[in-house]
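To start, the structure itself, in structure tokens.
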Amino acid sequence: MASIVMFCILAAVILGSAVMCVTTKRIMRSVTFLLFVLLGVAGLYFLLDYTYLGAAQISVYAGGMVMMYIFAVQLVSKRTLQGLVERVKGCRALSYALICLVGLATVAGVQLKNGFISVLVEGKEVPMQTIGEALLGSEKYQYVLPFEFISVFLLACIIGAIVVARKEKEDK
Amino acid sequence: MVPVECYFVLSALLFFIGVYGFVTRRNLIAMLVSIELVLNAVDLNFAAFNRLLFPGEFEGFFMTLFSIGVSAAESAVAIAIIINVYRNFHSDQVNSIENMKY
Amino acid sequence: MDFTYSIWILLLPLISFLVIGLPEFVNKKYSWSHKTAGLIGTCSLGLVTVLSYYTAFQYFTADRLADGTFATFVPYNVTWLPLGHLHFDLGVLLDPISVMMLIVISTVSLMVHIYSFGYMHGEKGFQRYYAFLSLFTMSMLGLVLATNIFQMYMFWELVGVSSYLLIGFYYTLHAAVHASKKAFIVTRFADMFFLIGILIFGYYTGSYNFSFTGTEIAYGAGASAFTVADSARALAAGGMILPTALVLMFIGGAGKSAMFPLHIWLPDAMEGPTPVSALIHAATMVVAGVFQIARLFPVWIEYAPQALEVVVIVGAFTAFYAAAVACAQSDIKRVLAFSTISQIAFMMVALGVCLPGHHGAALDNHAQLGYMASMFHLFTHAMFKACLFLGAGCIIHAVHSNEMSAMGGLRKYMPITHITFLISCLAIAGIPFFSGFSSKDEIITACFEYSPLCGWWMTGVAAMTAFYMFRLYYGIFWGTENKELHAHHTPHEAPVTMTFPLVFLSIVTVGVGVVTTLGGFCDWSWASFGSIVSAAGTAYTVHFDPQVAATSTVIAILSIALATYIYKGEKQPIADKLYATFPRLHRWAYKRFYMDEVYQFVTHKILFRYVSRPVQWIDEKIINGLIDFTAWGANEAGETIRPWQSGDVRQYAVWFITGTVALTLLLLCL
């Protein structure tokens, strides 16, 4: 029962922040609301007893990336930092919303109609040792290859980001 | 325990809010933020599936984990590109790079 | 026997064409001088003539085969284009008529080459002229030496092209350009039928060769005769296939040989230089149609003897029509042109009156006397008509006009031209001891054997021939002298380069005439043209029918006397009176019975207006419209689709999501 209450609170926070995030006219606020969404999602992970995942979500997403966004906003939109106002045409936004609603109805309909049965009755936190072995083992259902791969990928992305964002030397 | 349908509905809602944001916002960073919402919705779905329907296994868990890593990388590159666009076009609005289609 | 050198008869004129023509056409500054160009052309033609005479000598002095015919030689035959079991060959075929034609063409061509030295002296484009003469000679020789109908057709067209080029030699004159186009289009129109005929013939007989007998096989490398099965198939198809094919080919021949109603180009072709008229439009090219029928003669006789009636009717009518028009023309070259048409029609009639063989033989010398007569007339006509044209050239050269009104009384100024012209006139009129007599007499004999009506008809035309030729003769050399013009510019005899060909050709005319006339009366087999060319190929001694000979001679003499009576004097009261009595008839004849106007009407008023205009309309509105519509549609589609690629990422995303949702819904509903 407590978990349902928790879920409802988190869901309310997530959805409310998400709606605010996409509707607010100011980028800075938008990014801030994104932070709340990310934290809410991390809370859900905790609720699912995926503590490690929740921690990763908070540290990588909420801690790292939102900082990056804020810096980007600061760098890019200095002049409009506080006063960025987007004009969204009402009818067009309405039609987009309609499409989204239809899509939502479709997806939710499919998932609900399927009648999944929850098998988990009483949850326990996933032990850290299991996660560590699975992450660094090379057996079946173990993930050392994607792990190494993603580390290389991250490195490549960092270098790529630096190269792309690097200030070109002014010719002449 | 929370029924799995609640997670489905929540993630679907989050997903389409993200989509709505992506198609309505003009600012490149705001679009990126919307993409993060979409990604989070998917991650949540993976985690909920794994945890509630197949508790003995970890595919969804690791998928989510890697997805967080990949989205971090993606954001880094995207922000680098946005900064570059801003430098070249002196605007962070998506319309400004429309002529890239040629 | 070795005839491998005969290929040089074709190659030499080609080489001289290239040698003279290339520098001229590539860049004028490399052109040969007039004299060198002329000499190259003439010398190569001289060599060709020597080779032709040698070939003829070797060919006709060789022993005959066991059946009394001359062997047919095919020293070269190369498969040029194989198409299944049909193939187009190129080669050299020597048989009596092709060797006879070699002599005619090379002799007249050489004479024209020599003559042109004087006639074309100092003309602009002298080198071009000689190059085209060589090209023409090569094509004409290739035509007669062809081993199959297709090769013949190729050279036939080449001849047409050279004729076009030479008629339009003075291309700065509007009339010459007009005439050359007219000649080319009319003959091309007829050649279309020739081509259709060839294709039908080749399809049904399985070969483009000239005969079913296949005697050439023994010598030809790639030659093959029709197979029995194929010819049987051709006959099985209602028996109409081969006659149809042959008549279609005859239409082609009629176009080239200026038979009514396709004759309209020849009088206009006189716009070309006069030696060209002598060579192409009197002696060689215009007899191509006659040669074509003679070439396919065995096929005509065996498979389409009834169809020969078409040839007779067309020929007889043309002979009369052209003779009637010739009586009223005032341009001397036009008179000669119509005379040529009339004489070629004589040859056509002679071929047409050949009857199917007696005694079950496909070819019969006696029944097909006309074949021999036609070839003989071709030979003699080439000589005396070339002489007449070259003489006319001398006269035009002297008085600078084609009109008879500018002439009259020229006999004292131009004695050599006068004598040679007279000889040729006597020959064409059919006076004994001149070559025309022997050949024309044989033609009339053959006509009488065919039907009395035909015989009398042709006798009448022969009388008209004598009349208009002597009208021409008296109009030029006697009659009223145009003193005013002559005082201004005294006519003079032509230089020796121009008189030599005249003398040579009239000597041939008289020589052949004397020998064959005496031979015909005394049955000398060696002096008979039938000993070299005859329908069956075996030697045939010409024997004059005294009745026919006497009749035609008397009629010819009477006609000449009439012409003398009317036209010889300084004043011509009878001619004026006749003119006053029948002004309309004279006018009609002078206007060539308005044939050109009829053509003009048919082409402009009917074809252009009711066929070409609608076709043009369809082309412009419907076909062009379709193309335009396609272009317009593509353009519009592009314009419509272009905004879809807006470069707006959000828009793409919307489409993507809409599509995905729609697809999912679709899958769910199915």
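Chain identifiers are assigned as A, B, and so on, following the order in which chains appear in the structure tokens; residues are numbered from 1 within each chain, and ligands are numbered from 1 in order of appearance.
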(request) Name the residues in contact with Phe36 of chain A at a cut-off of 10 Å, using only C-alpha atoms, excluding same-chain residues fewer than 6 positions from it; report them as a PyMOL selection string. (result) chain A and resi 13-18+21+42+62
Take the residues that were just selected and, keeping C-alpha atoms, output them as a tab-separated table (two decimals), in the first residue's frame.
```
chain	number	residue	atom	x	y	z
A	13	VAL	CA	5.81	14.67	-9.75
A	14	ILE	CA	7.11	13.13	-12.97
A	15	LEU	CA	4.10	13.93	-15.10
A	16	GLY	CA	3.65	17.38	-13.70
A	17	SER	CA	7.31	18.23	-14.19
A	18	ALA	CA	7.31	16.72	-17.65
A	21	CYS	CA	9.13	20.98	-18.96
A	42	ALA	CA	15.24	7.62	-10.09
A	62	ALA	CA	20.69	14.37	-12.77
```
Give me, as a short mmCIF file (atom, residue, chain, number, x, y, z; two decimals) with C-alpha atoms, in the first residue's frame, the residues of chain A touching chain C, with the criterion being at most 12 Å (counting only C-alpha atoms).
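Result written to selection.cif:
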```cif
data_model
loop_
_atom_site.label_atom_id
_atom_site.label_comp_id
_atom_site.auth_asym_id
_atom_site.auth_seq_id
_atom_site.Cartn_x
_atom_site.Cartn_y
_atom_site.Cartn_z
CA ARG A 92 -0.66 23.45 -34.84
CA ALA A 93 0.16 22.62 -31.22
CA SER A 95 -2.98 19.00 -33.87
CA TYR A 96 0.36 17.76 -32.56
CA ALA A 97 -1.25 17.11 -29.22
CA LEU A 98 -3.99 15.19 -30.97
CA ILE A 99 -1.47 12.99 -32.75
CA CYS A 100 0.28 12.39 -29.46
CA LEU A 101 -2.96 11.48 -27.80
CA VAL A 102 -3.83 9.01 -30.53
CA GLY A 103 -0.38 7.49 -30.20
CA LEU A 104 -0.72 7.37 -26.44
CA ALA A 105 -4.09 5.68 -26.69
CA THR A 106 -2.62 3.14 -29.10
CA VAL A 107 0.40 2.29 -26.98
CA GLY A 109 -4.25 0.18 -25.34
CA VAL A 110 -1.79 -2.42 -26.62
CA LYS A 113 -5.01 -5.20 -23.51
#
```
(message) Excluding Met1 of chain B and its own-chain neighbours fewer than 5 positions away, which residues fall within 12 Å of it when counting only C-alpha atoms? Please give them as an MDAnalysis selection string.
(response) (chainID A and resid 1:7 47:49 118:124) or (chainID B and resid 6:7 48 51:52)
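When only C-alpha atoms are used to measure the gap to chain C, the shortest distance among B:Val85, B:Met63, B:Leu44, B:Met31 belongs to B:Met31.
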(request) Give me, as a ChimeraX atom specification, the contact residues of chain B against chain A at a cut-off of 7 Å, counting only C-alpha atoms. (result) /B:1-5,8-10,12-14,16-17,20-21,24,30,33-34,51-53,55,65,72-73,76-77,79-81,83-84,86,92
Could those residues be written to a file, using N, CA and C atoms, as a CSV table (one decimal), in the first residue's frame?
```csv
chain,number,residue,atom,x,y,z
B,1,MET,N,2.4,-4.4,-4.0
B,1,MET,CA,3.2,-4.1,-5.1
B,1,MET,C,2.4,-3.3,-6.1
B,2,VAL,N,3.0,-2.3,-6.7
B,2,VAL,CA,2.3,-1.5,-7.7
B,2,VAL,C,2.1,-2.4,-9.0
B,3,PRO,N,0.9,-2.4,-9.5
B,3,PRO,CA,0.6,-3.2,-10.7
B,3,PRO,C,1.4,-2.7,-11.9
B,4,VAL,N,1.8,-3.6,-12.8
B,4,VAL,CA,2.7,-3.2,-13.9
B,4,VAL,C,2.0,-2.3,-14.8
B,5,GLU,N,0.6,-2.3,-14.9
B,5,GLU,CA,-0.1,-1.4,-15.8
B,5,GLU,C,0.2,0.0,-15.5
B,8,PHE,N,3.3,1.1,-17.1
B,8,PHE,CA,3.1,1.2,-18.5
B,8,PHE,C,2.4,2.5,-18.9
B,9,VAL,N,1.4,2.8,-18.1
B,9,VAL,CA,0.6,4.1,-18.4
B,9,VAL,C,1.5,5.3,-18.1
B,10,LEU,N,2.3,5.2,-17.0
B,10,LEU,CA,3.1,6.3,-16.7
B,10,LEU,C,4.2,6.5,-17.8
B,12,ALA,N,4.1,5.5,-20.9
B,12,ALA,CA,3.5,5.9,-22.2
B,12,ALA,C,3.2,7.4,-22.1
B,13,LEU,N,2.7,7.9,-21.0
B,13,LEU,CA,2.4,9.3,-20.8
B,13,LEU,C,3.7,10.1,-21.0
B,14,LEU,N,4.7,9.7,-20.3
B,14,LEU,CA,5.9,10.4,-20.3
B,14,LEU,C,6.5,10.5,-21.7
B,16,PHE,N,4.9,10.3,-24.6
B,16,PHE,CA,4.2,11.2,-25.5
B,16,PHE,C,4.3,12.6,-25.1
B,17,ILE,N,4.5,12.9,-23.8
B,17,ILE,CA,4.8,14.3,-23.4
B,17,ILE,C,6.1,14.7,-24.1
B,20,TYR,N,5.5,15.3,-27.7
B,20,TYR,CA,4.9,16.6,-27.9
B,20,TYR,C,5.9,17.7,-27.8
B,21,GLY,N,6.7,17.6,-26.8
B,21,GLY,CA,7.7,18.6,-26.6
B,21,GLY,C,8.6,18.7,-27.8
B,24,THR,N,6.9,20.4,-30.7
B,24,THR,CA,6.4,21.8,-30.6
B,24,THR,C,7.5,22.8,-30.3
B,30,ALA,N,15.8,22.8,-26.0
B,30,ALA,CA,14.5,22.3,-25.5
B,30,ALA,C,14.1,21.0,-26.2
B,33,VAL,N,16.0,18.3,-24.5
B,33,VAL,CA,15.4,18.0,-23.2
B,33,VAL,C,14.2,17.0,-23.4
B,34,SER,N,13.4,17.3,-24.5
B,34,SER,CA,12.3,16.4,-24.8
B,34,SER,C,12.8,15.0,-25.1
B,51,ARG,N,11.6,-6.0,-13.8
B,51,ARG,CA,11.4,-6.2,-12.4
B,51,ARG,C,10.1,-6.9,-12.1
B,52,LEU,N,9.1,-6.5,-12.7
B,52,LEU,CA,7.8,-7.0,-12.3
B,52,LEU,C,7.4,-8.3,-13.1
B,53,LEU,N,7.9,-8.5,-14.2
B,53,LEU,CA,7.4,-9.7,-15.0
B,53,LEU,C,8.5,-10.8,-15.0
B,55,PRO,N,11.4,-11.3,-12.7
B,55,PRO,CA,12.3,-10.8,-11.6
B,55,PRO,C,13.6,-11.5,-11.5
B,65,LEU,N,20.7,0.5,-17.9
B,65,LEU,CA,22.0,1.0,-17.5
B,65,LEU,C,22.8,1.5,-18.7
B,72,ALA,N,23.9,9.7,-22.2
B,72,ALA,CA,24.9,10.7,-21.8
B,72,ALA,C,25.8,11.1,-22.9
B,73,ALA,N,26.3,10.1,-23.6
B,73,ALA,CA,27.2,10.3,-24.8
B,73,ALA,C,26.5,11.1,-25.8
B,76,ALA,N,26.2,14.7,-25.0
B,76,ALA,CA,27.4,15.4,-25.1
B,76,ALA,C,27.7,15.9,-26.5
B,77,VAL,N,27.5,14.9,-27.5
B,77,VAL,CA,27.7,15.2,-28.9
B,77,VAL,C,26.7,16.3,-29.3
B,79,ILE,N,25.1,18.5,-27.7
B,79,ILE,CA,25.3,19.8,-27.1
B,79,ILE,C,26.5,20.5,-27.9
B,80,ALA,N,27.5,19.6,-28.2
B,80,ALA,CA,28.6,20.1,-28.9
B,80,ALA,C,28.1,20.7,-30.3
B,81,ILE,N,27.3,19.9,-30.9
B,81,ILE,CA,26.8,20.4,-32.2
B,81,ILE,C,26.0,21.7,-32.1
B,83,ILE,N,26.3,24.0,-29.9
B,83,ILE,CA,27.2,25.1,-29.6
B,83,ILE,C,27.8,25.6,-30.9
B,84,ASN,N,28.1,24.6,-31.7
B,84,ASN,CA,28.7,24.9,-33.1
B,84,ASN,C,27.7,25.6,-33.9
B,86,TYR,N,25.2,27.4,-32.9
B,86,TYR,CA,25.1,28.7,-32.4
B,86,TYR,C,26.2,29.6,-32.9
B,92,ASP,N,20.0,29.6,-31.8
B,92,ASP,CA,19.9,28.3,-31.3
B,92,ASP,C,18.5,27.7,-31.7
```
(message) I need the contact residues of chain C against chain B, so if you could list those with any atom within 8 Å, counting only C-alpha atoms, and return them as an MDAnalysis selection string, that would help.
(response) chainID C and resid 645:651 653:654
(message) For segment 455-458 of chain C, find every residue with an atom within 6 Å (counting only C-alpha atoms), except residues of its own chain fewer than 4 positions away, and show them as a list in words.
(response) Ile444, Cys447 and Phe448 of chain C
Export of prior selection with N, CA and C atoms as an mmCIF file, in the first residue's frame:
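Resulting contents of part-v6.cif:
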```cif
data_model
loop_
_atom_site.group_PDB
_atom_site.id
_atom_site.type_symbol
_atom_site.label_atom_id
_atom_site.label_comp_id
_atom_site.auth_asym_id
_atom_site.auth_seq_id
_atom_site.Cartn_x
_atom_site.Cartn_y
_atom_site.Cartn_z
ATOM 1 N N ILE C 444 10.836 -2.357 -133.148
ATOM 2 C CA ILE C 444 9.529 -2.300 -133.805
ATOM 3 C C ILE C 444 9.123 -3.681 -134.304
ATOM 4 N N CYS C 447 7.747 -5.434 -131.477
ATOM 5 C CA CYS C 447 6.420 -4.916 -131.154
ATOM 6 C C CYS C 447 5.362 -5.492 -132.081
ATOM 7 N N PHE C 448 5.700 -5.580 -133.356
ATOM 8 C CA PHE C 448 4.734 -6.150 -134.297
ATOM 9 C C PHE C 448 4.442 -7.598 -133.962
#
```
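With distances restricted to only C-alpha atoms, B:Ile29 is the closest residue to Arg29 of chain A from B:Ile29, B:Ser75, B:Arg87, B:Val42.
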